[in-house]
Amino acid sequence: MRFIAGLMFACHGAQLVLGKFGGMPGSDKPMMVIGGWIQLVGGILIALGLLTRVAAFIASGEMAVAYFMFHVAGAATPMAKFFPISTGSPQFSNKGELAIFYCWFFLFVFFYGAGRLSIDALLKRKSMPTAATA
């Protein structure tokens, strides 16, 4: 799950800063550029399991900022400020369900860690001394 979510997050970042996958390169908004780089680099780190807790914490915060600054603030009606479902019309939804998912998932990863199948776990195993047998 960490691997897939990290790759998808990196793909969103690649859309913003590199123009890949039908994206929009060269945004003139600094917030979009910074957010895109956080998504691209953070997504790759999370997918690989390298510096996972740091990357997940930053990515979770970035998605919380994205949700409240762009999705909720740009909602057309007061009702749309509370419903993030993307299938609703603009008066009923702010289309922020993916931002909410990433925010909470990366917060979970921050607390849980990268897991056994990660570069962090591999580095930790190599640095731990082996137990002496008598």
# chains A, B, ... in the order shown; residues from 1 in each chain; ligands from 1

$ residues_around --residues "segment 73-80 of chain A" --least-positions-apart "4" --cutoff "6 Å" --atoms "only C-alpha atoms" --output "list of chain:residue names"
A:Met69, A:Gln91, A:Phe92, A:Ser93, A:Asn94

$ residues_around --residues "segment 19-22 of chain A" --least-positions-apart "4" --cutoff "12 Å" --atoms "only C-alpha atoms" --output "VMD selection string"
chain A and resid 8 10 to 15 26 to 27 33 36 40

$ write_last_selection --atoms "C-alpha atoms" --output "PDB file, in the first residue's frame"
ATOM      1  CA  MET A   8       0.629   7.744  -7.249  1.00  0.00           C
ATOM      2  CA  ALA A  10       4.880  11.055  -7.177  1.00  0.00           C
ATOM      3  CA  CYS A  11       2.832  10.924 -10.395  1.00  0.00           C
ATOM      4  CA  HIS A  12       0.762  13.899  -9.186  1.00  0.00           C
ATOM      5  CA  GLY A  13       3.999  15.756  -8.507  1.00  0.00           C
ATOM      6  CA  ALA A  14       5.308  14.853 -11.968  1.00  0.00           C
ATOM      7  CA  GLN A  15       2.130  16.337 -13.437  1.00  0.00           C
ATOM      8  CA  GLY A  26       5.802  25.763 -15.446  1.00  0.00           C
ATOM      9  CA  SER A  27       3.084  27.026 -13.136  1.00  0.00           C
ATOM     10  CA  VAL A  33       5.641  24.453  -7.735  1.00  0.00           C
ATOM     11  CA  GLY A  36       4.657  19.602  -6.880  1.00  0.00           C
ATOM     12  CA  LEU A  40       7.385  14.174  -6.576  1.00  0.00           C
TER      13      LEU A  40
END

$ residues_around --residues "Val41 of chain A" --least-positions-apart "4" --cutoff "12 Å" --atoms "only C-alpha atoms" --output "list in words"
Gly6, Leu7, Met8, Phe9, Ala10, Cys11, His12, Gly13, Ala14, Val17, Ile34, Gly35, Gly36, Trp37, Leu45, Ile46, Ala47, Leu48, Leu50, Leu51, Thr52, Val54, Ala55, Ala56, Ile58 and Ala59 of chain A

$ residues_around --residues "Tyr67 of chain A" --least-positions-apart "4" --cutoff "8 Å" --atoms "only C-alpha atoms" --output "compact mmCIF listing (two decimals) with N, CA, C and O atoms, in the first residue's frame"
# COMPACT_ATOMS: atom_id res chain seq x y z
N MET A 63 -0.68 17.95 2.11
CA MET A 63 -2.04 17.62 1.67
C MET A 63 -3.09 18.29 2.54
O MET A 63 -4.15 18.67 2.05
N HIS A 71 -9.15 23.35 -1.81
CA HIS A 71 -10.44 22.68 -1.97
C HIS A 71 -11.55 23.35 -1.16
O HIS A 71 -12.60 23.69 -1.70
N VAL A 72 -11.30 23.54 0.13
CA VAL A 72 -12.33 24.15 0.98
C VAL A 72 -12.49 25.63 0.66
O VAL A 72 -13.60 26.14 0.54
N GLY A 96 -12.16 17.26 -2.91
CA GLY A 96 -10.91 17.12 -2.19
C GLY A 96 -10.69 15.77 -1.54
O GLY A 96 -9.87 15.63 -0.65
N ALA A 99 -7.03 14.51 -1.63
CA ALA A 99 -6.18 15.24 -0.68
C ALA A 99 -6.40 14.72 0.74
O ALA A 99 -5.44 14.55 1.50
N ILE A 100 -7.64 14.45 1.10
CA ILE A 100 -7.94 13.91 2.43
C ILE A 100 -7.33 12.52 2.59
O ILE A 100 -6.73 12.20 3.61

$ atom_distance --atom1 "atom CA of Ile44 of chain A" --atom2 "atom CA of Arg2 of chain A"
10.5 Å

$ closest_residue --among "A:Ala66, A:Ala114, A:Arg53, A:Pro129" --to "Phe101 of chain A" --atoms "only C-alpha atoms"
A:Ala66

$ atom_distance --atom1 "atom CA of Met32 of chain A" --atom2 "atom CA of Phe68 of chain A"
14.2 Å

$ select_by_dssp --residues "chain A" --states "alpha helix (DSSP H)" --output "ChimeraX atom specification"
/A:2-17,30-48,52-66,97-112,119-127
